[in-house]
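Trainee: Okay, so here is target36.cif, and as you'll see once you scroll down, it has mmCIF, C-alpha atoms and all ligand atoms.
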```
data_data
loop_
_atom_site.label_atom_id
_atom_site.label_comp_id
_atom_site.auth_asym_id
_atom_site.auth_seq_id
_atom_site.Cartn_x
_atom_site.Cartn_y
_atom_site.Cartn_z
CA MET H 1 113.32 80.87 159.83
CA SER H 2 115.82 80.68 157.00
CA TYR H 3 119.14 82.46 156.92
CA CYS H 4 121.65 83.57 154.30
CA VAL H 5 124.42 81.01 153.62
CA GLU H 6 126.80 83.83 152.79
CA CYS H 7 126.42 86.34 155.63
CA GLY H 8 124.21 84.44 158.04
CA LYS H 9 121.52 87.11 158.15
CA GLU H 10 118.14 85.73 159.10
CA GLY H 11 115.06 86.39 157.03
CA LYS H 12 113.69 85.70 153.57
CA THR H 13 116.24 84.19 151.18
CA TYR H 14 116.52 83.97 147.42
CA ASP H 15 118.44 80.93 146.24
CA SER H 16 119.73 80.58 149.87
CA LEU H 17 120.96 84.19 149.94
CA CYS H 18 119.58 87.32 151.50
CA ALA H 19 118.52 89.98 149.02
CA GLU H 20 121.76 91.95 149.47
CA CYS H 21 124.04 88.97 148.88
CA PHE H 22 121.87 87.80 146.01
CA ASP H 23 122.28 91.24 144.41
CA LYS H 24 126.09 91.03 144.71
CA ARG H 25 126.32 87.44 143.44
CA HIS H 26 124.06 87.70 140.36
CA LYS H 27 124.42 89.75 137.20
CA LEU H 28 120.72 89.14 136.51
CA VAL H 29 120.83 90.80 133.10
CA ARG H 30 123.06 90.83 130.03
CA VAL H 31 122.99 93.50 127.34
CA PRO H 32 125.01 93.14 124.11
CA GLU H 33 127.61 95.79 123.29
CA ALA H 34 125.61 96.87 120.28
CA VAL H 35 122.03 96.45 119.14
CA ASP H 36 121.35 96.63 115.42
CA ILE H 37 118.04 97.85 114.09
CA THR H 38 116.93 98.11 110.47
CA LEU H 39 114.72 101.01 109.48
CA CYS H 40 113.16 101.71 106.10
CA ALA H 41 115.18 104.43 104.39
CA HIS H 42 112.00 105.95 102.97
CA CYS H 43 109.34 105.80 105.67
CA GLY H 44 111.25 104.77 108.82
CA ALA H 45 109.35 101.50 109.30
CA HIS H 46 111.08 99.01 111.63
CA GLN H 47 111.99 95.55 110.39
CA ARG H 48 110.84 92.80 112.75
CA GLY H 49 111.71 89.46 111.27
CA ALA H 50 109.84 89.11 108.00
CA ASN H 51 107.57 92.04 108.77
CA TRP H 52 107.81 95.80 108.94
CA ALA H 53 106.22 97.77 111.75
CA HIS H 54 105.18 101.34 110.98
CA VAL H 55 106.22 102.85 114.29
CA ASP H 56 108.29 105.91 115.12
CA ARG H 57 111.99 105.71 115.94
CA PRO H 58 111.73 105.69 119.78
CA ASP H 59 109.25 102.80 119.59
CA ALA H 60 111.51 100.91 117.21
CA ILE H 61 114.53 101.36 119.51
CA ARG H 62 112.59 100.35 122.59
CA HIS H 63 111.27 97.25 120.91
CA ALA H 64 114.80 96.29 119.78
CA LEU H 65 116.23 96.82 123.28
CA GLU H 66 113.52 94.76 124.93
CA GLY H 67 114.42 91.97 122.54
CA ALA H 68 118.18 92.34 123.16
CA VAL H 69 118.15 92.44 126.98
CA GLU H 70 118.73 88.93 128.34
CA VAL H 71 117.38 88.24 131.79
CA ASP H 72 118.40 85.35 134.11
CA THR H 73 115.94 82.54 134.60
CA GLY H 74 113.81 83.32 137.62
CA ALA H 75 114.18 87.08 137.19
CA GLN H 76 111.63 89.30 135.50
CA LEU H 77 112.20 92.48 133.53
CA ASP H 78 110.09 95.10 135.30
CA VAL H 79 111.28 98.57 134.27
CA LEU H 80 113.32 99.63 131.26
CA ASP H 81 114.29 103.29 131.17
CA VAL H 82 116.30 104.37 128.16
CA LYS H 83 118.40 107.49 127.70
CA LEU H 84 119.67 108.06 124.17
CA ARG H 85 122.45 110.24 122.88
CA GLU H 86 123.06 110.57 119.16
CA GLU H 87 126.71 109.98 118.26
CA ASP H 88 126.21 110.32 114.53
CA GLU H 89 123.49 109.62 112.01
CA ARG H 90 123.75 105.86 112.41
CA ASN H 91 124.84 105.42 116.03
CA LEU H 92 123.21 106.20 119.32
CA ALA H 93 124.66 105.69 122.76
CA ALA H 94 122.05 104.17 125.07
CA GLU H 95 122.03 104.19 128.87
CA LEU H 96 119.65 101.65 130.30
CA LEU H 97 118.19 101.66 133.75
CA ILE H 98 116.75 98.23 134.28
CA GLY H 99 114.43 97.22 137.07
CA LEU H 100 114.15 93.47 137.80
CA LYS H 101 112.07 91.32 140.08
CA VAL H 102 113.04 88.03 141.67
CA ASP H 103 110.14 86.70 143.66
CA ASP H 104 109.16 89.79 145.74
CA ALA H 105 112.62 91.44 145.75
CA GLU H 106 113.46 94.31 143.40
CA PHE H 107 116.89 94.88 141.88
CA ARG H 108 118.30 97.59 139.65
CA ARG H 109 120.99 97.46 136.99
CA GLU H 110 122.57 100.17 134.88
CA LYS H 111 123.87 99.15 131.46
CA ARG H 112 125.24 100.81 128.38
CA THR H 113 124.98 99.79 124.80
CA ARG H 114 125.04 101.29 121.33
CA ILE H 115 122.16 101.33 118.87
CA ARG H 116 123.37 100.87 115.30
CA ILE H 117 120.87 101.89 112.66
CA LYS H 118 120.93 100.02 109.37
CA GLN H 119 118.90 101.08 106.39
CA GLY H 120 116.56 98.91 104.43
CA VAL H 121 113.47 99.31 102.27
CA CYS H 122 110.14 98.08 103.59
CA ASP H 123 107.66 96.09 101.49
CA ALA H 124 105.31 99.02 100.94
CA CYS H 125 108.14 101.29 99.79
CA SER H 126 109.73 98.67 97.58
CA ARG H 127 106.39 98.08 95.89
CA GLN H 128 106.01 101.81 95.43
CA LYS H 129 109.51 102.19 94.03
CA GLY H 130 108.76 99.32 91.68
CA HIS H 131 105.68 101.11 90.30
CA TYR H 132 103.46 98.56 91.91
CA PHE H 133 99.75 99.34 91.69
CA GLU H 134 96.46 97.57 92.25
CA ALA H 135 94.04 100.25 91.10
CA VAL H 136 93.82 103.44 89.06
CA ILE H 137 91.63 106.40 89.90
CA GLN H 138 90.91 108.44 86.79
CA VAL H 139 89.64 111.93 87.55
CA ARG H 140 88.06 113.58 84.52
CA PRO H 141 86.32 116.90 83.81
CA PRO H 142 82.75 116.89 82.50
CA GLU H 143 82.48 115.65 78.91
CA GLY H 144 83.93 118.20 76.47
CA GLU H 145 84.92 120.72 79.15
CA VAL H 146 87.98 122.05 80.92
CA GLU H 147 87.79 122.27 84.71
CA GLU H 148 91.32 122.86 85.95
CA GLU H 149 90.25 124.17 89.34
CA LEU H 150 88.01 121.21 90.07
CA VAL H 151 90.71 118.76 89.00
CA GLU H 152 93.17 120.51 91.30
CA LYS H 153 90.72 120.30 94.20
CA ALA H 154 90.16 116.62 93.54
CA THR H 155 93.93 116.04 93.39
CA GLU H 156 94.27 117.71 96.77
CA ILE H 157 91.59 115.42 98.23
CA VAL H 158 93.24 112.30 96.79
CA HIS H 159 96.58 113.31 98.36
CA GLN H 160 94.96 114.12 101.71
CA GLU H 161 93.14 110.79 101.83
CA VAL H 162 96.29 108.84 100.92
CA GLU H 163 98.17 110.69 103.66
CA ARG H 164 95.42 110.00 106.18
CA MET H 165 95.37 106.27 105.39
CA GLY H 166 98.99 105.82 106.50
CA PRO H 167 102.18 104.47 104.97
CA GLU H 168 100.64 101.26 103.60
CA VAL H 169 98.66 103.33 101.11
CA PHE H 170 100.64 105.13 98.44
CA ILE H 171 100.48 106.63 94.97
CA SER H 172 103.09 104.95 92.79
CA ARG H 173 102.43 107.13 89.76
CA GLU H 174 100.43 110.22 88.86
CA GLU H 175 99.77 111.26 85.27
CA SER H 176 97.94 114.26 83.81
CA LEU H 177 95.91 113.38 80.77
CA HIS H 178 92.64 114.14 78.97
CA GLY H 179 92.23 117.26 81.11
CA GLY H 180 92.30 115.14 84.27
CA VAL H 181 94.66 113.01 86.33
CA ASP H 182 95.33 109.27 86.69
CA PHE H 183 96.40 108.12 90.13
CA TYR H 184 98.03 104.68 90.38
CA LEU H 185 97.40 103.33 93.85
CA GLY H 186 98.98 100.47 95.76
CA SER H 187 95.67 99.38 97.27
CA ARG H 188 92.32 98.49 95.69
CA GLY H 189 90.40 99.17 98.90
CA ALA H 190 91.93 102.60 99.28
CA ALA H 191 91.14 103.48 95.66
CA LYS H 192 87.50 102.53 96.20
CA THR H 193 87.24 104.58 99.41
CA ILE H 194 88.88 107.63 97.85
CA THR H 195 86.63 107.47 94.78
CA LYS H 196 83.57 107.36 97.06
CA ARG H 197 84.92 110.38 98.89
CA LEU H 198 85.26 112.30 95.60
CA GLN H 199 81.73 111.37 94.63
CA SER H 200 80.26 112.48 97.95
CA ARG H 201 82.12 115.77 97.69
CA PHE H 202 81.42 116.64 94.04
CA SER H 203 78.60 114.27 92.98
CA GLY H 204 79.46 113.07 89.52
CA GLU H 205 79.58 109.61 88.01
CA VAL H 206 81.81 106.67 88.86
CA THR H 207 82.45 103.86 86.38
CA VAL H 208 84.28 100.80 87.67
CA SER H 209 86.11 98.35 85.43
CA SER H 210 88.66 95.64 86.04
CA THR H 211 91.28 93.72 84.14
CA LEU H 212 92.61 90.32 85.12
CA GLN H 213 96.26 90.57 86.05
CA GLY H 214 97.00 86.97 86.88
CA ARG H 215 96.66 84.62 89.81
CA LYS H 216 98.12 84.82 93.27
CA GLY H 217 97.68 82.13 95.92
CA GLY H 218 95.05 80.36 93.80
CA ARG H 219 92.94 83.50 93.38
CA ASP H 220 92.42 85.72 90.36
CA VAL H 221 94.00 89.13 90.81
CA TYR H 222 92.31 92.11 89.20
CA ARG H 223 93.47 95.61 88.61
CA MET H 224 90.62 98.03 89.16
CA THR H 225 89.95 101.26 87.36
CA TYR H 226 87.69 103.84 89.00
CA LEU H 227 86.71 106.51 86.50
CA PHE H 228 85.36 109.54 88.29
CA ARG H 229 83.80 112.22 86.08
CA PHE H 230 82.70 115.56 87.46
CA PRO H 231 79.07 116.41 86.85
CA ALA H 232 78.40 118.99 84.14
CA TYR H 233 77.10 121.34 86.85
CA GLN H 234 78.15 122.07 90.40
CA ALA H 235 76.47 124.18 93.04
CA GLY H 236 77.43 127.69 91.96
CA SER H 237 77.54 126.93 88.21
CA VAL H 238 75.84 129.54 86.08
CA LEU H 239 73.72 128.37 83.18
CA LYS H 240 71.34 129.87 80.68
CA ILE H 241 67.75 128.84 80.28
CA ALA H 242 65.83 130.70 77.56
CA ASP H 243 68.70 133.21 77.56
CA GLU H 244 68.25 134.06 81.24
CA PRO H 245 71.05 133.43 83.76
CA PHE H 246 70.43 130.89 86.52
CA GLN H 247 72.69 129.66 89.25
CA VAL H 248 72.70 126.05 90.42
CA VAL H 249 71.95 126.09 94.15
CA SER H 250 72.02 122.34 94.70
CA ILE H 251 72.54 119.42 92.35
CA GLY H 252 70.34 117.54 94.75
CA PRO H 253 68.31 115.58 94.52
CA PRO H 254 66.20 117.63 94.24
CA ILE H 255 67.91 119.97 91.82
CA VAL H 256 67.45 123.59 92.87
CA ILE H 257 68.32 126.61 90.74
CA ALA H 258 67.96 130.33 91.33
CA ASP H 259 67.01 132.98 88.77
CA LEU H 260 69.79 135.56 89.02
CA ALA H 261 67.59 138.37 87.71
CA THR H 262 64.95 137.88 90.45
CA LEU H 263 66.81 135.76 93.04
CA GLN H 264 63.86 133.34 93.07
CA GLU H 265 64.63 129.71 93.84
CA ARG H 266 62.96 126.83 92.12
CA THR H 267 63.17 123.06 91.95
CA VAL H 268 63.58 121.62 88.48
CA PRO H 269 63.71 118.14 86.92
CA ALA H 270 67.07 116.74 85.76
CA SER H 271 66.00 117.28 82.15
CA THR H 272 66.15 121.05 82.69
CA LEU H 273 69.87 120.86 83.42
CA LYS H 274 70.42 118.53 80.50
CA SER H 275 68.88 121.01 78.07
CA ALA H 276 70.49 124.08 79.65
CA ARG H 277 73.77 125.44 78.39
CA LYS H 278 76.59 126.68 80.50
CA ALA H 279 76.79 130.48 80.63
CA ASP H 280 80.01 132.27 79.90
CA ALA H 281 80.17 133.62 83.43
CA ARG H 282 82.68 134.25 86.16
CA THR H 283 82.04 134.44 89.89
CA LEU H 284 83.96 137.33 91.43
CA MET H 285 84.29 139.12 94.74
CA ALA H 286 82.96 142.70 94.70
CA ILE H 287 83.26 145.48 97.26
CA ILE H 288 79.98 146.52 98.88
CA VAL H 289 79.46 150.28 98.76
CA SER H 290 76.11 150.45 100.54
CA ARG H 291 73.08 148.32 101.27
CA ASP H 292 69.49 148.38 102.41
CA GLU H 293 66.99 145.61 103.08
CA LYS H 294 66.35 144.78 99.46
CA GLU H 295 69.33 146.04 97.55
CA VAL H 296 73.09 146.36 97.62
CA GLN H 297 75.35 148.74 95.76
CA VAL H 298 78.61 147.10 94.76
CA MET H 299 81.61 148.09 92.73
CA ASP H 300 81.62 146.13 89.47
CA PRO H 301 85.06 144.47 89.68
CA GLU H 302 85.42 144.74 85.93
CA THR H 303 84.38 148.36 85.21
CA MET H 304 84.84 149.77 88.74
CA LYS H 305 81.43 151.42 88.41
CA THR H 306 78.86 151.21 91.16
CA VAL H 307 75.90 149.02 90.30
CA THR H 308 72.72 148.31 92.23
CA LEU H 309 71.80 144.65 92.68
CA LEU H 310 69.12 142.72 94.52
CA ARG H 311 70.39 141.70 97.93
CA PRO H 312 70.97 137.93 98.01
CA PRO H 313 70.40 135.91 101.19
CA GLY H 314 73.36 135.51 103.50
CA ILE H 315 74.85 139.01 103.30
CA ALA H 316 75.79 140.04 106.84
CA GLU H 317 75.14 143.62 107.99
CA ASP H 318 78.86 144.31 108.30
CA ALA H 319 79.95 142.40 105.18
CA GLU H 320 82.40 144.38 103.09
CA GLU H 321 82.37 142.13 100.07
CA MET H 322 80.06 139.76 98.28
CA LEU H 323 80.17 137.32 95.41
CA VAL H 324 78.79 138.53 92.09
CA VAL H 325 78.37 136.81 88.75
CA ARG H 326 79.77 138.58 85.71
CA THR H 327 78.41 137.63 82.29
CA ALA H 328 78.75 139.37 78.92
CA GLU H 329 75.42 141.11 79.66
CA GLY H 330 76.39 142.54 83.03
CA VAL H 331 76.68 141.89 86.76
CA TYR H 332 74.30 139.80 88.86
CA PRO H 333 74.33 139.00 92.55
CA SER H 334 75.53 135.47 93.24
CA TYR H 335 72.64 133.67 94.93
CA LEU H 336 75.15 131.45 96.72
CA GLN H 337 77.50 133.48 98.86
CA SER H 338 79.80 130.59 99.64
CA ILE H 339 80.93 128.26 96.92
CA ASN H 340 83.28 125.37 97.56
ZN ZN N 401 123.58 87.58 152.96
ZN ZN N 402 109.06 102.17 103.89
#
```
Please express what this file holds, its structure, as structure tokens.
Ligand SMILES: [Zn+2]
Ligand SMILES: [Zn+2]
Mentor:
Amino acid sequence: MSYCVECGKEGKTYDSLCAECFDKRHKLVRVPEAVDITLCAHCGAHQRGANWAHVDRPDAIRHALEGAVEVDTGAQLDVLDVKLREEDERNLAAELLIGLKVDDAEFRREKRTRIRIKQGVCDACSRQKGHYFEAVIQVRPPEGEVEEELVEKATEIVHQEVERMGPEVFISREESLHGGVDFYLGSRGAAKTITKRLQSRFSGEVTVSSTLQGRKGGRDVYRMTYLFRFPAYQAGSVLKIADEPFQVVSIGPPIVIADLATLQERTVPASTLKSARKADARTLMAIIVSRDEKEVQVMDPETMKTVTLLRPPGIAEDAEEMLVVRTAEGVYPSYLQSIN
């Protein structure tokens, strides 16, 4: 049986001392008076050596404290509880409750320090501020047309996707031109993914081109341009074939259109759309006055007169409104009752 050289107590010893005497004799842990951390002024990323970690502030502080706490040889950092109190924008008082293990004995220490926050600019943000870009997404309306609403929707999607992809992906510049928008992106891969997303949402054509920018690390570096052009027709578009109004139900494949005068659907070849012309039509919401199985009476939103229309599919029994198509010739039911 061993005994403590300090108090003579018999039992397990640590460095010839009982746990109690060991606790009194050893500091076990040292914490500097202040711990400096550098956070990106723009996105809050935490500088770790040559790199930047995109973590939130509590994670950054914890990581810095774990690095700053010095533990005696033979002791192990077990628990680190941190209580923070903001003193001002750049300084936080930190109370640390530290649990340590030496062999099978557990010790606790309470320490105080101050977190000093320094500001920097991370690589992603400095590239962004420097108008850095690797790819351009060009969103364009159909040839010879104006489609402000579609361009706005596409812009929304581009912003959402960039947001979703995290702080490494950013738009360094955005320019409206030729009825569309150019987005300068910091990442080629992101630009490709976002363009694919636009195409799956709206159909349309994508043309990819690249220009050589130079060489980096022995490799050619290209700047990519993804030209996304909306298709001439979308689901919901109204067009005229032999002077009759049709609505595009699906741009397919297969392409499906509906005759607005009869509400009959039919599948047509792509050449039909190519030879059709776009009708001067607007899709509007109209109040339903009454309905039966085959017909609905609605208030023409333009003239406020009640008109009788064929009842399109998808009108619920308690629906109070429905979509109608207004052309120069009159009002038609919209075959599609939900249009994105
Ligand atoms: Zn002792
Ligand atoms: Zn940043």
Trainee: Excluding Ala41 in chain H and its own-chain neighbours fewer than 5 positions away, which residues fall within 10 Å of it when counting only C-alpha atoms? Please give them as a PyMOL selection string.
Mentor: chain H and resi 46+118-122+125
Trainee: Near range 81-88 of chain H, counting all atoms listed in the file, which residues have an atom at most 10 Å away, once you skip same-chain residues fewer than 6 positions from it, shown as a list in words?
Mentor: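 Within the cut-off, the hits are Pro58, Ile61, Arg62, Leu65, Ala94, Glu95, Leu96, Leu97, Ile98, Gly99, Glu110, Lys111, Arg112, Thr113, Arg114, Ile115 and Arg116 of chain H.
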Trainee: Go ahead and write the selection's residues with C-alpha atoms as an mmCIF file, in the frame of the given file.
Mentor:
```cif
data_model
loop_
_atom_site.group_PDB
_atom_site.id
_atom_site.type_symbol
_atom_site.label_atom_id
_atom_site.label_comp_id
_atom_site.auth_asym_id
_atom_site.auth_seq_id
_atom_site.Cartn_x
_atom_site.Cartn_y
_atom_site.Cartn_z
ATOM 1 C CA PRO H 58 111.730 105.690 119.780
ATOM 2 C CA ILE H 61 114.530 101.360 119.510
ATOM 3 C CA ARG H 62 112.590 100.350 122.590
ATOM 4 C CA LEU H 65 116.230 96.820 123.280
ATOM 5 C CA ALA H 94 122.050 104.170 125.070
ATOM 6 C CA GLU H 95 122.030 104.190 128.870
ATOM 7 C CA LEU H 96 119.650 101.650 130.300
ATOM 8 C CA LEU H 97 118.190 101.660 133.750
ATOM 9 C CA ILE H 98 116.750 98.230 134.280
ATOM 10 C CA GLY H 99 114.430 97.220 137.070
ATOM 11 C CA GLU H 110 122.570 100.170 134.880
ATOM 12 C CA LYS H 111 123.870 99.150 131.460
ATOM 13 C CA ARG H 112 125.240 100.810 128.380
ATOM 14 C CA THR H 113 124.980 99.790 124.800
ATOM 15 C CA ARG H 114 125.040 101.290 121.330
ATOM 16 C CA ILE H 115 122.160 101.330 118.870
ATOM 17 C CA ARG H 116 123.370 100.870 115.300
#
```
Trainee: Compute the set of protein, DNA and RNA residues whose minimum atom distance to ligand ZN 402 (chain N) is at most 10 Å, using all atoms listed in the file, and state it as a ChimeraX atom specification.
Mentor: /H:39-47,52-54,120-129,167-168
Trainee: Hey, which of H:Ile37, H:Leu260, H:Ala105, H:Val158 ends up closest to Lys12 in chain H? Count all atoms listed in the file.
Mentor: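 Closest to Lys12 in chain H of all the choices is H:Ala105.
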Trainee: Using 7 Å as the limit and counting only C-alpha atoms and all ligand atoms, can you tabulate each residue of chain H that touches ligand ZN 401 (chain N), with its shortest atom-to-atom distance in Å and the two atoms involved, as JSON lines?
Mentor:
```
{"residue": "H:Cys4", "atom": "CA", "partner": "N:ZN401", "partner_atom": "ZN", "distance": 4.6}
{"residue": "H:Val5", "atom": "CA", "partner": "N:ZN401", "partner_atom": "ZN", "distance": 6.7}
{"residue": "H:Glu6", "atom": "CA", "partner": "N:ZN401", "partner_atom": "ZN", "distance": 4.9}
{"residue": "H:Cys7", "atom": "CA", "partner": "N:ZN401", "partner_atom": "ZN", "distance": 4.1}
{"residue": "H:Gly8", "atom": "CA", "partner": "N:ZN401", "partner_atom": "ZN", "distance": 6.0}
{"residue": "H:Lys9", "atom": "CA", "partner": "N:ZN401", "partner_atom": "ZN", "distance": 5.6}
{"residue": "H:Leu17", "atom": "CA", "partner": "N:ZN401", "partner_atom": "ZN", "distance": 5.2}
{"residue": "H:Cys18", "atom": "CA", "partner": "N:ZN401", "partner_atom": "ZN", "distance": 4.3}
{"residue": "H:Ala19", "atom": "CA", "partner": "N:ZN401", "partner_atom": "ZN", "distance": 6.8}
{"residue": "H:Glu20", "atom": "CA", "partner": "N:ZN401", "partner_atom": "ZN", "distance": 5.9}
{"residue": "H:Cys21", "atom": "CA", "partner": "N:ZN401", "partner_atom": "ZN", "distance": 4.3}
```
Trainee: To one decimal in Å, tell me the separation between CA of Phe183 in chain H and CA of Ile157 in chain H.
Mentor: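 A separation of 11.9 Å between them.
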Trainee: CA of Gln247 in chain H to CA of Ser334 in chain H: how many Å, to one decimal?
Mentor: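 So the answer is 7.6 Å.
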Trainee: Mind giving me the axis-aligned box for range 33-36 of chain H with 6 Å on every side, centre plus edges in Å to one decimal, as lines of an AutoDock Vina configuration file?
Mentor:
```
center_x = 124.5
center_y = 96.3
center_z = 119.4
size_x = 18.3
size_y = 13.1
size_z = 19.9
```
Trainee: Report, in Å to a single decimal, how far apart CA of Ile315 in chain H and CA of Gln337 in chain H are.
Mentor: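 For CA of Gln337 in chain H relative to CA of Ile315 in chain H, the distance reads 7.6 Å.
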Trainee: H:Glu134, H:Asp36, H:Asp182, H:Glu148: which is nearest Val221 in chain H, counting all atoms listed in the file?
Mentor: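 Checking each candidate against Val221 in chain H, we get H:Glu134 as the closest.
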Trainee: With a distance cut-off of 9 Å and all atoms listed in the file, select the neighbouring residues of Met299 in chain H, excluding the residue or stretch itself and same-chain residues fewer than 6 positions from it, and output the selection as a list of chain:residue names.
Mentor: H:Ala286, H:Ile287, H:Ile288, H:Val289, H:Lys305, H:Thr306, H:Val307, H:Thr308
Trainee: Pick the closest to Val102 in chain H from H:Leu28, H:Leu185, H:Val325, H:Val139: which is it, counting all atoms listed in the file?
Mentor: H:Leu28
Trainee: Could you give me, as an MDAnalysis selection string, the residues within 6 Å of Phe228 in chain H, counting only C-alpha atoms and dropping anything in the same chain fewer than 2 positions from it?
Mentor: chainID H and resid 138:139 205:206
Trainee: Quick one: everything within 9 Å of Gln234 in chain H, counting all atoms listed in the file, minus sequence neighbours fewer than 4 positions away in the same chain. Send it as a ChimeraX atom specification.
Mentor: /H:202-203,230,238,248-251
Trainee: Those residues you just picked out, can you put them in a file as a PDB file, keeping the file's coordinate frame with C-alpha atoms?
Mentor:
```
ATOM      1  CA  PHE H 202      81.420 116.640  94.040  1.00  0.00           C
ATOM      2  CA  SER H 203      78.600 114.270  92.980  1.00  0.00           C
ATOM      3  CA  PHE H 230      82.700 115.560  87.460  1.00  0.00           C
ATOM      4  CA  VAL H 238      75.840 129.540  86.080  1.00  0.00           C
ATOM      5  CA  VAL H 248      72.700 126.050  90.420  1.00  0.00           C
ATOM      6  CA  VAL H 249      71.950 126.090  94.150  1.00  0.00           C
ATOM      7  CA  SER H 250      72.020 122.340  94.700  1.00  0.00           C
ATOM      8  CA  ILE H 251      72.540 119.420  92.350  1.00  0.00           C
TER       9      ILE H 251
END
```
Trainee: When distances are computed from all atoms listed in the file, which of H:Arg90, H:Arg173, H:Arg266, H:His178 shows the smallest separation from Pro142 in chain H?
Mentor: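 Closest to Pro142 in chain H of all the choices is H:His178.
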